[in-house]
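Let me begin by presenting the structure, written as structure tokens, before commenting on it.
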Amino acid sequence: MAKPLIFCLFLLFALSNSLFGQQNTIDVDSLMQLAISNAAKNNPQERLDHFSYTTYEKTIITDSLERETNAHSFFTEKVSKNTFNAHHGFKEEVLGFNMAGFDEPRYETLGITLQSRSFYDEDFVIFNYRYAGPLSSRGLKNYNYQFVGDTTILDRKSLAIAFQPKRPQTIPGLVGILYLDTQTLAIQKVHIGIDDELVARIEQYYKYLPEEEVYLPLSSKLYIEKGETSKRLSLFRGKVSVGTIENNPVKEAIEGRYLLSTSYNANFDLSEKEKLEHPNLAIEVMEDADKKPETFWKRYREQALTQRDLNSFDYLNNIVETQNIERRLAVINNFGIGYYTVDFFDFDLTYPVKYNNYEGLRLGLGGVTNADFSKNFRLEGYAAYGFKDQVLKYGIGGGILLNESHGAWLSFTYNDDLQEVGSFNYLTDRRVYSLFEPRLVNITQFFDYKTYRLNQEYQITPKILSEFQFAKTNVLQTEAYRFVLGDESYSEYDITEATFGVRWSPSSKFMRSEKGTVEIYDGYPKVTAQVSKGISGLFNGDFDFTRVGAKFYYQVERLNKSTTEFLVEGKMAFGDVPLTHLFHAYPNAPTKETIMQRFSVAGVNSFETMYFGEFFSDRIASLQIKHHLRPFNLGEKFKPEMVFITRYAIGDISDIERHQEVSFNKLDKGFMESGFEINKILFGFGTSLTYRYGAYHLPSFADNIAFKFTFNLQL
């Protein structure tokens, strides 16, 4: 589809050849290599230490100009101050935000990247689709260029260079024409046209600042239409779409075929007059941004609103009200993070149905109050029953908001439940939502606990989340075990423990509004660390110990849709540490004889050939690498994904004789396994095969193999 478009562009310039007055005799690859080399001098983000400008942006979703209602399906406009400095990058301050139809502003729409700010970027993003940047360091590798001619833009000579991707089926690329300043080879204007999975048109124009000899973006027009794909182009976290989406809860209320967005920049300022407030935020919605008078909007609009724009307000007010769109969107958005909202209560979707070898089928119900109950106070609780052990588990608690901008909640809870032996849970990773927890099915070793907890959550900066916990826990064994210290032997004991955890997401981007701080771009790496101290004598605590853990997660996403993941983790414990508080390497092999008897569900980051209870350590390090190939395109609804996996763990333990009536091995020789997964074969199900080798290779070949099914559910 891209070739007819670029042919038309070539034809247009060929017909105007007399205007250009130059034949296509330029070595275009050498020219583009020079332009790419000059990008650091021409890119404002590389050339300037600081600059700012204001932007007016209007975005609509519509069906056609002939629509009977003569109104859009979606209308929003905003005014922002965009500030760049070399240390922190870009920050957008939303000064005004106007959205037709909604009483409460839907801030999540502000976090969507309709298009990247710069064509100098390595990747150019259009509505979450990533394309190779035509002036990036990978430009010549990914694009074919053709010199079209020269012209004049802003009284400066310009070269027109057409480009299209070399391997569009493998590496997605843009199609269009770059207009480059003849003297500096800086971008003056860009025309983009894509007819593929995404149908898009972009026109960008730039403003020349002669004193600084640099071009800054002046205006942009973006048109998007759903192309040759069933993948939706969505606002509201994927629930309001461009195009026809089946089973969309709000489909009949707000939808359209075309998305049009126009933006105009003004008030350019290259001086750094004042310190940038909250530089770690990518977007900050200023107070009363949604309550600006008409005089404010008239001051920034380049063009007055059309009659159809104005009609959209009454039309969408009626649609949103009569079909209860705001309420339904709130329910859908909460479902995406694991809650189902009913009035003032959010039911936690991780509780209803679980299964493991000790409890059997576990049914439960629980959740937490939301802002409709109180913005400054919350109540939470759950109850669950295991049909195999026939025991009721429950928890109850509450919290008070101390500081909204930092998400500072002080909470107190009581729990009577089970926990896996040897598990180490990071406080800041506590809310990991999954309808289905794969590894839980196979776990056999639990201990019973009754815990009082006092927690303080605090977001130090948008990129640094912290939590402190003080807990008093009574531990009871569910199977034979004694912890021996000198002349004392413990099977039931009390632990008083203070824990501090922190998670750092240096490359993620965040937005702050009156609704709080939310992540709008999930960046890597992610670093998590935690330290806990067991205190004997305090509240009858029996043991003194220290536990430290840290993990590093990094993901490389490539334009060819392949991905590589790295997970490095290390944990250490010192002092008098019972088995319940030691560490394992997340084993996931049931202790059964044959391969098919061990057939079960594979975990996410677990060792599939390591048997439960086989190893425990007081110091352990692990490395996991996963490489996802690009999905196989075997049909519109059949795109399986192959993943190659390798895992390594090494550990050790001191005073192993302290742990009585239980047997396990040391991990000091290094455990290795490798294998593959083929995911999403049918209804989210796939299969995996993993092989154990190295120092802990078992004599029977079959005992080293784990054959399991995988399950990947995307909502």
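To be explicit about the labels: the chains of the structure tokens are called A, B, and onward in the order shown, and within each one the residues are counted from 1, while ligands get numbers from 1 in the order they are shown.
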
query: Could you pull out all residues of range 120-234 of chain A with a DSSP call of strand (DSSP E) and give them as a ChimeraX atom specification?
result: /A:123-126,129-132,143-153,156-165,176-181,187-195,198-209,214-226,233-234

Would you give me, as CSV, each residue of range 675-707 of chain A having an atom within 8 Å of an atom of range 593-600 of chain A, along with its shortest atom pair and that distance in Å to one decimal, using only C-alpha atoms and sorting by chain and residue number?
```
residue,atom,partner,partner_atom,distance
A:Ala702,CA,A:Ile595,CA,6.5
A:Asp703,CA,A:Ile595,CA,7.2
A:Ile705,CA,A:Ile595,CA,6.9
A:Ala706,CA,A:Ile595,CA,6.6
A:Phe707,CA,A:Phe599,CA,5.8
```

- request: Please identify all polymer residues within 7 Å of Tyr452 in chain A, counting only C-alpha atoms, omitting same-chain residues fewer than 5 positions from it, and present them as number ranges by chain.
  value: A: 413-415, 471-473

message: Calculated over only C-alpha atoms, which of the candidates A:Gly381, A:Gly360, A:Pro462, A:Gly367 has the smallest distance to Ser405 in chain A?
response: A:Pro462

message: As an exercise, work out the distance from CA of Arg453 in chain A to CA of His581 in chain A in Å and give it to one decimal place.
response: 16.9 Å

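Taking CA of Lys91 in chain A and CA of Thr528 in chain A as the two end points, the separation is 25.5 Å.
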
Selection near Gly398 in chain A, 6 Å with only C-alpha atoms, sequence-local residues under 4 positions removed, as a list in words: Arg378, Leu379, Glu380, Ser411 and Phe412 of chain A

message: Env of Gly366 in chain A: 12 Å cut, atoms = only C-alpha atoms, seq-sep filter 2 positions within chain, self excluded. Answer as number ranges by chain.
response: A: 338-341, 345-353, 363-364, 368-369, 379-384, 393-397

Would you put the residues from that selection into a file with C-alpha atoms, as a PDB file, in the first residue's frame?
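Wrote selection24.pdb, looks like this:
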```pdb
ATOM      1  CA  GLY A 338      -7.594  -5.703  38.859  1.00  0.00           C
ATOM      2  CA  TYR A 339     -10.732  -4.257  40.425  1.00  0.00           C
ATOM      3  CA  TYR A 340     -14.430  -4.327  39.670  1.00  0.00           C
ATOM      4  CA  THR A 341     -16.237  -1.247  40.952  1.00  0.00           C
ATOM      5  CA  PHE A 345     -16.396  -0.401  46.730  1.00  0.00           C
ATOM      6  CA  ASP A 346     -13.758  -1.887  44.399  1.00  0.00           C
ATOM      7  CA  PHE A 347     -13.862  -5.691  44.451  1.00  0.00           C
ATOM      8  CA  ASP A 348     -10.369  -7.179  44.097  1.00  0.00           C
ATOM      9  CA  LEU A 349     -10.314  -9.602  41.160  1.00  0.00           C
ATOM     10  CA  THR A 350      -7.306 -11.516  42.537  1.00  0.00           C
ATOM     11  CA  TYR A 351      -9.425 -13.067  45.294  1.00  0.00           C
ATOM     12  CA  PRO A 352     -12.422 -14.955  43.823  1.00  0.00           C
ATOM     13  CA  VAL A 353     -10.902 -18.207  42.476  1.00  0.00           C
ATOM     14  CA  LEU A 363     -12.820 -19.241  46.799  1.00  0.00           C
ATOM     15  CA  GLY A 364     -12.741 -15.723  48.175  1.00  0.00           C
ATOM     16  CA  VAL A 368     -11.238  -1.807  49.127  1.00  0.00           C
ATOM     17  CA  THR A 369     -13.377   1.317  49.332  1.00  0.00           C
ATOM     18  CA  LEU A 379     -11.350   0.345  54.397  1.00  0.00           C
ATOM     19  CA  GLU A 380     -10.228  -2.995  53.007  1.00  0.00           C
ATOM     20  CA  GLY A 381     -10.783  -6.656  53.685  1.00  0.00           C
ATOM     21  CA  TYR A 382     -11.167 -10.158  52.268  1.00  0.00           C
ATOM     22  CA  ALA A 383     -12.196 -13.673  53.196  1.00  0.00           C
ATOM     23  CA  ALA A 384     -11.280 -16.942  51.464  1.00  0.00           C
ATOM     24  CA  LYS A 393      -8.579 -17.171  55.795  1.00  0.00           C
ATOM     25  CA  TYR A 394      -9.259 -13.482  56.115  1.00  0.00           C
ATOM     26  CA  GLY A 395      -7.827  -9.999  56.388  1.00  0.00           C
ATOM     27  CA  ILE A 396      -9.144  -6.609  57.453  1.00  0.00           C
ATOM     28  CA  GLY A 397      -7.716  -3.120  57.650  1.00  0.00           C
TER      29      GLY A 397
END
```

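For range 329-509 of chain A, the set of residues given helix (DSSP H, G or I) by DSSP on the backbone reads Leu329, Ala330, Val331, Ile332, Asn333, Asn334, Phe335, Gly336, Leu427, Thr428, Asp429, Arg439, Leu440, Val441 and Asn442 of chain A.
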
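Summary of the local environment: counting only C-alpha atoms, residues at most 6 Å from range 201-211 of chain A, other than itself and those fewer than 3 positions away along its chain, are Gln188, Lys189, Val190, His191, Ile192, Gly193, Val214, Tyr215, Leu216, Pro217, Leu218, Ser219, Ser220, Lys221, Leu222 and Tyr223 of chain A.
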
Using only C-alpha atoms, which protein or nucleic acid residues come within 8 Å of range 641-657 of chain A? Drop anything in the same chain fewer than 3 positions from it, and give the result as a short mmCIF file (atom, residue, chain, number, x, y, z; two decimals) with C-alpha atoms, in the first residue's frame.
```
data_model
loop_
_atom_site.label_atom_id
_atom_site.label_comp_id
_atom_site.auth_asym_id
_atom_site.auth_seq_id
_atom_site.Cartn_x
_atom_site.Cartn_y
_atom_site.Cartn_z
CA ALA A 585 14.65 -19.75 43.37
CA PHE A 607 12.56 -22.53 37.35
CA PHE A 616 16.78 -23.45 50.15
CA SER A 617 19.43 -20.77 50.65
CA ASP A 618 20.34 -17.87 52.89
CA ARG A 619 22.16 -16.25 49.99
CA ILE A 620 21.18 -16.67 46.37
CA ALA A 621 21.65 -15.01 42.98
CA SER A 622 19.81 -15.72 39.74
CA LEU A 623 19.80 -14.65 36.12
CA GLN A 624 16.99 -15.16 33.62
CA ILE A 625 17.03 -14.28 29.93
CA LYS A 626 14.04 -14.51 27.61
CA HIS A 627 14.14 -13.77 23.90
CA HIS A 628 10.79 -13.34 22.16
CA LEU A 629 10.84 -13.78 18.40
CA ARG A 630 8.49 -11.63 16.36
CA PRO A 631 5.03 -13.25 16.26
CA PHE A 632 4.42 -15.66 13.41
CA GLN A 660 15.18 -30.29 61.39
CA LYS A 666 22.47 -26.57 48.86
CA LEU A 667 22.54 -24.62 45.59
CA ASP A 668 26.29 -23.92 45.64
CA LYS A 669 27.12 -25.70 42.36
CA GLY A 670 24.89 -23.58 40.14
CA PHE A 671 21.56 -24.65 38.66
CA MET A 672 20.93 -24.31 34.92
CA GLU A 673 17.96 -24.87 32.62
CA SER A 674 17.03 -23.75 29.13
CA GLY A 675 14.07 -24.23 26.87
CA PHE A 676 11.39 -22.57 24.84
CA GLU A 677 7.74 -21.56 24.88
CA ILE A 678 5.26 -21.32 22.02
CA ASN A 679 2.58 -18.99 23.31
CA LYS A 680 -0.87 -17.96 22.15
CA ILE A 681 -1.53 -21.02 20.02
#
```

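Of the listed residues A:Ile126, A:Phe446, A:Gly501, A:Glu225, the one whose atoms come nearest to Asp63 in chain A is A:Glu225, with distances taken using only C-alpha atoms.
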
Report as a Markdown table: every residue of range 87-160 of chain A with an atom at most 12 Å from range 263-266 of chain A, its closest pair of atoms, and their distance in Å to one decimal, counting only C-alpha atoms, with rows sorted by chain and ascending residue number.
```
| residue | atom | partner | partner_atom | distance |
| --- | --- | --- | --- | --- |
| A:Leu114 | CA | A:Ser263 | CA | 11.2 |
| A:Gln115 | CA | A:Ser263 | CA | 11.1 |
| A:Arg117 | CA | A:Ser263 | CA | 11.4 |
```

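Separating CA of Thr564 in chain A from CA of Leu465 in chain A is a distance of 25.4 Å.
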
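Remark: for Thr306 in chain A, the closest of the candidate residues A:Ser271, A:Ser606, A:Asn70, A:Asn403 is A:Asn70 (distances computed over only C-alpha atoms).
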
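Of the listed residues A:Glu437, A:Glu519, A:Glu272, A:Asp429, the one whose atoms come nearest to Glu108 in chain A is A:Glu519, with distances taken using only C-alpha atoms.
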